[in-house]
Amino acid sequence: MSNPSHDTTSAQKKESRLRAETLLQACVHCGFCNATCPTYILSGDEREGPRGRLYLMKDWLTGPDKALDLAPLDHCLSCRSCETTCPAGVHYTEILDTVREATGETRSVVQRAMDQLTETALSSQTAVNALMRVARRVRPLASESLQRRIALAEPGLVWPAAQHARQVGLLLGCVQPALAPDLDTKAAIVLDRLGISAIPVGPGCCGALPYHLHSYEKARTIAHTTMAWDRPEWEGFTSTATGCTAFLRDYPRLFSGQPDAEPAQAFSPRVADIATWIDPTRLNALPPLKRRRIAWHAPCSLQHGLHGQGRIEAILKALGHTLVPIHDSALCCGSAGPYSLRHPRWAQALGHRKWQALTHADPTEVVSANIGCLQHLAGFSDRPIRHWVDVVYHDMRSL
Ligand code: SF4
Ligand code: SF4
C-alpha cells in the first residue's frame, strides 16, 4: 500500500518541477545577466554564468533522464545580481532552488556529510560562543585583520525597556550575537531614541543556513517557529543582518508548492530591512571635523533580495558623511552565507576584488549591513570595517 505522505511529497515535487519549467520559458537567452554575474566575470566560462546554468537546468528538467552536473550550480552564490539585470524578469533563484532541492538526494555522501558538519558547527550557538570566547582571549596575539573579525563587547550597554507605542520585532539570529555581541542592542537603542521599541525575538536561526546547506525540511520547520514569534501589534519584523531579513521576506519561496504556504504569504510583507524604521530626516549631522569618507558596501541580500538601495546611504549622508564612489557595486563580495567556507577559492577571489573596489578612493572606513559580508571582508581589510548601525549608534552618542 502506498504511503499517503510520500504521495503528497512526490506530487509537490512534480508541481515544483513543472513550475520551474514554466519559469524557464521566460528566458530569451540574451546573456545580459552574464555581464553582472560574479562567477562568470571571474571565469569567463558560460557554464559558470546564469545563462549557462539555466541551459543546464532546462536540459535536466525537460530532456532525457540523466544526471545533472551539479558543480556549476554549486558555484552559484545565489547573489541574485542576474535577476536584477535580467530584462525578461526571469525568476532565476526560484528555478535554481527548485532544481537544487530536487537533486539534493543525488549529492555524494561526502558532500552531504560536509554540509551536515558545516550546518551543525555554524548553527550551534554553544559551539560558536565557545569559539569566540577562545578567540577573544588570544585576540591580542592575532594579526590586525584577524582582530577586526573578533569584535569585543562594549561594557554598559542595556536593551531599552519597551516604552513606546510603536514597536517592531527584532530577530537576534544565530551566529551574529556571538560575532557582533552588541549590535542588536545598539540597534534597539537607536530605535528607542527615535520613538520605536525593538522587541528582541530569539535568539534563533531564520532558516537560511540549513536552507543553503540543503536541509530544506529543517529550514521550513525553523520558519514556522519564527513566524509564530511575530505579533500583530508590532509594525513589522526585522533583523540587523540583511541576509536574514531577505530570507525572512522570501519565506513564500521556501514554501512554494507546499500545502502550508499561507502563513508565509501573510508574514512576508511584514518583513523589512531595519533601516526602514530609521528616518534620515530625524538624524542630526555631525560637526565637520567628525565627518568621514565612507565606502558603503551594499550586500546582495539588500540590493537584489530586499531591493533596499538608497535608505542606508541617506542615513549615512544625513550624519554628514561622504560616500566615496565604488565601481562594480552590484557585485557580490563572495561571502554568501556558508559559500565562503564551501568554495574558498571563488570567495577569496571575489573578496579581494571587492576590497580593491571599496578602498580605491581611499575611504577612512568601510561600512556594510550584513554580518557575513563584514566577517568575510574583514579578512582583506587594512582599515576599520563596521556595520552601519554601529556607525549611527556611535555618531548619535558623540553629538
Ligand atoms: S536570464 Fe534574463 S538576462 Fe539572462 S539570458 Fe535569460 S533572459 Fe537574458
Ligand atoms: S545568482 Fe549570482 S552567482 Fe548565481 S548566476 Fe546569478 S549572478 Fe551569477
# chains A, B, ... in the order shown; residues from 1 in each chain; ligands from 1
>>> closest_atom_pairs(of="segment 256-360 of chain A", to="segment 14-34 of chain A", cutoff="12 Å", atoms="only C-alpha atoms", output="Markdown table")
| residue | atom | partner | partner_atom | distance |
| --- | --- | --- | --- | --- |
| A:Ser256 | CA | A:Ser16 | CA | 7.4 |
| A:Gly257 | CA | A:Ser16 | CA | 5.9 |
| A:Gln258 | CA | A:Ser16 | CA | 9.0 |
| A:Pro259 | CA | A:Glu15 | CA | 11.6 |
| A:Leu331 | CA | A:Asn34 | CA | 11.7 |
>>> write_last_selection(atoms="N, CA and C atoms", output="CSV table (one decimal), in the first residue's frame")
chain,number,residue,atom,x,y,z
A,256,SER,N,7.0,27.4,-1.5
A,256,SER,CA,6.4,27.3,-2.8
A,256,SER,C,6.0,25.8,-3.1
A,257,GLY,N,4.7,25.6,-3.5
A,257,GLY,CA,4.2,24.3,-3.8
A,257,GLY,C,3.9,23.4,-2.6
A,258,GLN,N,4.1,24.0,-1.4
A,258,GLN,CA,3.9,23.2,-0.1
A,258,GLN,C,2.4,23.5,0.3
A,259,PRO,N,1.8,22.5,1.0
A,259,PRO,CA,0.4,22.7,1.5
A,259,PRO,C,0.3,23.8,2.5
A,331,LEU,N,28.3,43.9,-7.5
A,331,LEU,CA,28.8,42.5,-7.5
A,331,LEU,C,29.0,42.0,-6.1
>>> residues_near_ligand(ligand="ligand 2", cutoff="7 Å", atoms="only C-alpha atoms and all ligand atoms", output="tab-separated table (two decimals) with C-alpha atoms, in the first residue's frame")
chain	number	residue	atom	x	y	z
A	33	CYS	CA	22.79	38.58	-17.00
A	36	THR	CA	26.77	41.14	-13.87
A	37	CYS	CA	27.42	37.59	-12.65
A	38	PRO	CA	30.46	37.38	-10.36
A	39	THR	CA	31.36	33.79	-11.25
A	40	TYR	CA	31.05	34.49	-14.99
A	49	GLY	CA	27.14	32.18	-15.59
A	50	PRO	CA	23.35	32.39	-15.18
A	53	ARG	CA	23.20	27.42	-15.60
A	76	CYS	CA	26.48	29.99	-7.87
A	77	LEU	CA	26.44	32.43	-4.93
A	78	SER	CA	22.64	32.94	-5.07
A	79	CYS	CA	23.51	36.64	-5.07
A	80	ARG	CA	20.59	37.40	-7.44
A	81	SER	CA	22.52	40.02	-9.37
A	82	CYS	CA	21.38	38.27	-12.56
A	83	GLU	CA	17.74	38.75	-11.56
A	93	THR	CA	16.61	31.87	-7.89
>>> residues_around(residues="Leu377 of chain A", least_positions_apart="6", cutoff="12 Å", atoms="only C-alpha atoms", output="ChimeraX atom specification")
/A:145-146,148-149,297,299,332-336,340,347-359,366-371,383-387
>>> write_last_selection(atoms="N, CA and C atoms", output="tab-separated table (two decimals), in the first residue's frame")
chain	number	residue	atom	x	y	z
A	145	SER	N	44.10	42.19	10.83
A	145	SER	CA	42.88	41.86	10.09
A	145	SER	C	42.06	40.80	10.84
A	146	LEU	N	42.76	39.88	11.52
A	146	LEU	CA	42.03	38.87	12.30
A	146	LEU	C	41.35	39.54	13.51
A	148	ARG	N	40.07	42.38	13.58
A	148	ARG	CA	38.85	43.05	13.11
A	148	ARG	C	37.69	42.07	13.01
A	149	ARG	N	38.00	40.79	12.93
A	149	ARG	CA	36.93	39.77	12.85
A	149	ARG	C	36.48	39.32	14.23
A	297	HIS	N	29.33	49.32	1.29
A	297	HIS	CA	29.15	48.05	0.57
A	297	HIS	C	27.72	47.55	0.81
A	299	PRO	N	25.16	44.84	0.67
A	299	PRO	CA	25.13	43.39	0.47
A	299	PRO	C	24.14	43.01	-0.63
A	332	CYS	N	28.83	40.73	-5.90
A	332	CYS	CA	28.93	40.06	-4.60
A	332	CYS	C	30.37	40.10	-4.08
A	333	CYS	N	30.52	40.13	-2.75
A	333	CYS	CA	31.86	40.13	-2.13
A	333	CYS	C	32.38	38.70	-1.95
A	334	GLY	N	31.53	37.69	-2.18
A	334	GLY	CA	31.99	36.30	-2.07
A	334	GLY	C	31.64	35.64	-0.74
A	335	SER	N	30.97	36.38	0.13
A	335	SER	CA	30.64	35.79	1.44
A	335	SER	C	29.48	34.79	1.28
A	336	ALA	N	28.31	35.30	0.96
A	336	ALA	CA	27.15	34.47	0.58
A	336	ALA	C	26.86	33.32	1.54
A	340	SER	N	31.51	30.96	1.50
A	340	SER	CA	32.95	31.22	1.63
A	340	SER	C	33.67	30.04	2.28
A	347	ALA	N	35.46	32.50	-3.30
A	347	ALA	CA	35.15	33.53	-2.28
A	347	ALA	C	36.34	34.47	-2.06
A	348	GLN	N	37.55	33.90	-2.05
A	348	GLN	CA	38.73	34.73	-1.86
A	348	GLN	C	38.94	35.67	-3.04
A	349	ALA	N	38.77	35.13	-4.25
A	349	ALA	CA	38.97	35.96	-5.46
A	349	ALA	C	37.96	37.11	-5.47
A	350	LEU	N	36.71	36.82	-5.12
A	350	LEU	CA	35.68	37.87	-5.13
A	350	LEU	C	35.90	38.87	-4.00
A	351	GLY	N	36.31	38.38	-2.84
A	351	GLY	CA	36.56	39.25	-1.70
A	351	GLY	C	37.70	40.22	-1.99
A	352	HIS	N	38.76	39.70	-2.61
A	352	HIS	CA	39.91	40.55	-2.94
A	352	HIS	C	39.48	41.64	-3.94
A	353	ARG	N	38.73	41.21	-4.95
A	353	ARG	CA	38.26	42.15	-5.97
A	353	ARG	C	37.38	43.24	-5.34
A	354	LYS	N	36.48	42.81	-4.45
A	354	LYS	CA	35.57	43.76	-3.79
A	354	LYS	C	36.36	44.74	-2.91
A	355	TRP	N	37.34	44.21	-2.19
A	355	TRP	CA	38.10	45.10	-1.30
A	355	TRP	C	38.85	46.17	-2.09
A	356	GLN	N	39.42	45.77	-3.25
A	356	GLN	CA	40.10	46.74	-4.12
A	356	GLN	C	39.12	47.84	-4.54
A	357	ALA	N	37.90	47.42	-4.91
A	357	ALA	CA	36.90	48.38	-5.36
A	357	ALA	C	36.48	49.32	-4.22
A	358	LEU	N	36.34	48.75	-3.03
A	358	LEU	CA	35.87	49.55	-1.89
A	358	LEU	C	36.91	50.57	-1.43
A	359	THR	N	38.17	50.23	-1.55
A	359	THR	CA	39.21	51.11	-0.99
A	359	THR	C	39.90	51.95	-2.06
A	366	VAL	N	35.11	51.27	5.94
A	366	VAL	CA	34.17	50.56	5.07
A	366	VAL	C	32.97	50.18	5.93
A	367	VAL	N	31.79	50.36	5.38
A	367	VAL	CA	30.56	50.11	6.15
A	367	VAL	C	29.65	49.19	5.35
A	368	SER	N	29.03	48.23	6.05
A	368	SER	CA	28.10	47.34	5.37
A	368	SER	C	26.92	47.01	6.28
A	369	ALA	N	26.14	45.97	5.92
A	369	ALA	CA	24.87	45.74	6.62
A	369	ALA	C	24.60	44.28	6.91
A	370	ASN	N	25.60	43.43	6.69
A	370	ASN	CA	25.35	42.01	6.88
A	370	ASN	C	26.57	41.36	7.54
A	371	ILE	N	26.32	40.59	8.57
A	371	ILE	CA	27.43	40.03	9.35
A	371	ILE	C	28.35	39.16	8.49
A	383	ARG	N	41.79	48.71	7.10
A	383	ARG	CA	41.19	49.87	7.78
A	383	ARG	C	39.89	49.41	8.43
A	384	PRO	N	39.29	50.22	9.31
A	384	PRO	CA	38.07	49.77	10.01
A	384	PRO	C	36.95	49.36	9.07
A	385	ILE	N	36.24	48.32	9.46
A	385	ILE	CA	35.06	47.89	8.71
A	385	ILE	C	33.94	47.67	9.73
A	386	ARG	N	32.79	48.32	9.52
A	386	ARG	CA	31.75	48.35	10.56
A	386	ARG	C	30.36	48.15	9.97
A	387	HIS	N	29.46	47.76	10.86
A	387	HIS	CA	28.04	47.73	10.49
A	387	HIS	C	27.51	49.16	10.58
>>> select_by_dssp(residues="segment 59-280 of chain A", states="strand (DSSP E)", output="list in words")
Gln167, Val168, Gly169, Leu170, Leu171, Ser197, Ala198, Ile199, Pro200, Val201, Phe237, Thr238 and Ser239 of chain A
>>> write_last_selection(atoms="N, CA and C atoms", output="compact mmCIF listing (two decimals), in the first residue's frame")
# COMPACT_ATOMS: atom_id res chain seq x y z
N GLN A 167 6.22 49.64 17.93
CA GLN A 167 7.12 48.52 18.26
C GLN A 167 7.42 47.71 17.00
N VAL A 168 8.60 47.08 17.04
CA VAL A 168 9.00 46.23 15.92
C VAL A 168 9.71 44.99 16.48
N GLY A 169 9.47 43.82 15.89
CA GLY A 169 10.15 42.59 16.31
C GLY A 169 11.53 42.53 15.70
N LEU A 170 12.55 42.28 16.53
CA LEU A 170 13.93 42.24 16.04
C LEU A 170 14.52 40.85 16.28
N LEU A 171 14.69 40.09 15.21
CA LEU A 171 15.23 38.72 15.33
C LEU A 171 16.72 38.77 15.65
N SER A 197 10.19 51.01 19.97
CA SER A 197 10.76 49.96 20.82
C SER A 197 11.01 48.71 19.99
N ALA A 198 12.26 48.23 20.05
CA ALA A 198 12.59 46.96 19.38
C ALA A 198 12.37 45.84 20.39
N ILE A 199 11.57 44.87 20.02
CA ILE A 199 11.30 43.73 20.91
C ILE A 199 12.19 42.57 20.47
N PRO A 200 13.10 42.10 21.36
CA PRO A 200 14.00 41.03 20.94
C PRO A 200 13.26 39.71 20.70
N VAL A 201 13.59 39.06 19.62
CA VAL A 201 12.98 37.78 19.26
C VAL A 201 14.10 36.76 19.09
N PHE A 237 8.64 43.17 11.25
CA PHE A 237 9.59 42.17 11.75
C PHE A 237 10.89 42.40 10.99
N THR A 238 12.02 42.40 11.72
CA THR A 238 13.27 42.75 11.05
C THR A 238 14.45 42.07 11.72
N SER A 239 15.65 42.37 11.21
CA SER A 239 16.89 41.92 11.85
C SER A 239 17.99 42.88 11.41
>>> atom_distance(atom1="atom CA of Asp184 of chain A", atom2="atom CA of Leu323 of chain A")
24.2 Å
>>> residues_around(residues="segment 106-120 of chain A", least_positions_apart="6", cutoff="12 Å", atoms="only C-alpha atoms", output="PyMOL selection string")
chain A and resi 66-71+74+99-100+126-128+174-175+205+207-215+218-219+337-342
>>> select_by_dssp(residues="segment 90-326 of chain A", states="helix (DSSP H, G or I)", output="number ranges by chain")
A: 92-102, 104-106, 109-123, 125-141, 144-149, 176-179, 183-193, 208-212, 216-229, 242-249, 251-254, 262-270, 274-277, 280-282, 288-290, 300-305, 311-318
>>> closest_residue(among="A:Leu56, A:Leu61, A:Ala162, A:Ala88", to="ligand 1", atoms="only C-alpha atoms and all ligand atoms")
A:Ala88
>>> atom_distance(atom1="atom CA of Pro87 of chain A", atom2="atom CA of Ala35 of chain A")
12.7 Å
>>> atom_distance(atom1="atom CA of His376 of chain A", atom2="atom CA of Ala151 of chain A")
13.5 Å
>>> residues_around(residues="Asn284 of chain A", least_positions_apart="3", cutoff="8 Å", atoms="only C-alpha atoms", output="PyMOL selection string")
chain A and resi 281+318-319+396
>>> closest_residue(among="A:Ala188, A:Leu96, A:Ala11, A:Leu286", to="ligand 1", atoms="only C-alpha atoms and all ligand atoms")
A:Leu96
>>> residues_around(residues="Glu144 of chain A", least_positions_apart="5", cutoff="10 Å", atoms="only C-alpha atoms", output="NGL selection string")
:A and (139 or 149 or 378-379 or 381-383)
>>> write_last_selection(atoms="N, CA and C atoms", output="mmCIF file, in the first residue's frame")
data_model
loop_
_atom_site.group_PDB
_atom_site.id
_atom_site.type_symbol
_atom_site.label_atom_id
_atom_site.label_comp_id
_atom_site.auth_asym_id
_atom_site.auth_seq_id
_atom_site.Cartn_x
_atom_site.Cartn_y
_atom_site.Cartn_z
ATOM 1 N N ARG A 139 43.036 37.203 21.083
ATOM 2 C CA ARG A 139 42.928 38.328 20.143
ATOM 3 C C ARG A 139 44.182 39.209 20.111
ATOM 4 N N ARG A 149 37.998 40.785 12.933
ATOM 5 C CA ARG A 149 36.926 39.774 12.847
ATOM 6 C C ARG A 149 36.484 39.322 14.230
ATOM 7 N N ALA A 378 36.485 41.583 6.349
ATOM 8 C CA ALA A 378 37.480 41.921 7.385
ATOM 9 C C ALA A 378 38.782 41.152 7.143
ATOM 10 N N GLY A 379 38.688 40.018 6.479
ATOM 11 C CA GLY A 379 39.880 39.226 6.176
ATOM 12 C C GLY A 379 40.807 39.920 5.187
ATOM 13 N N SER A 381 40.957 43.425 5.142
ATOM 14 C CA SER A 381 40.903 44.847 5.482
ATOM 15 C C SER A 381 42.220 45.407 6.011
ATOM 16 N N ASP A 382 42.456 46.660 5.633
ATOM 17 C CA ASP A 382 43.588 47.416 6.143
ATOM 18 C C ASP A 382 43.092 48.670 6.848
ATOM 19 N N ARG A 383 41.791 48.711 7.102
ATOM 20 C CA ARG A 383 41.192 49.868 7.784
ATOM 21 C C ARG A 383 39.885 49.406 8.432
#
>>> closest_residue(among="A:Asp390, A:Pro288, A:Arg220, A:Ile278", to="Asp260 of chain A", atoms="only C-alpha atoms")
A:Arg220
>>> closest_residue(among="A:Gly243, A:Gly52, A:Gly104, A:Gly204", to="Leu306 of chain A", atoms="only C-alpha atoms")
A:Gly243
>>> residues_around(residues="Arg249 of chain A", least_positions_apart="3", cutoff="6 Å", atoms="only C-alpha atoms", output="PyMOL selection string")
chain A and resi 246+268+271
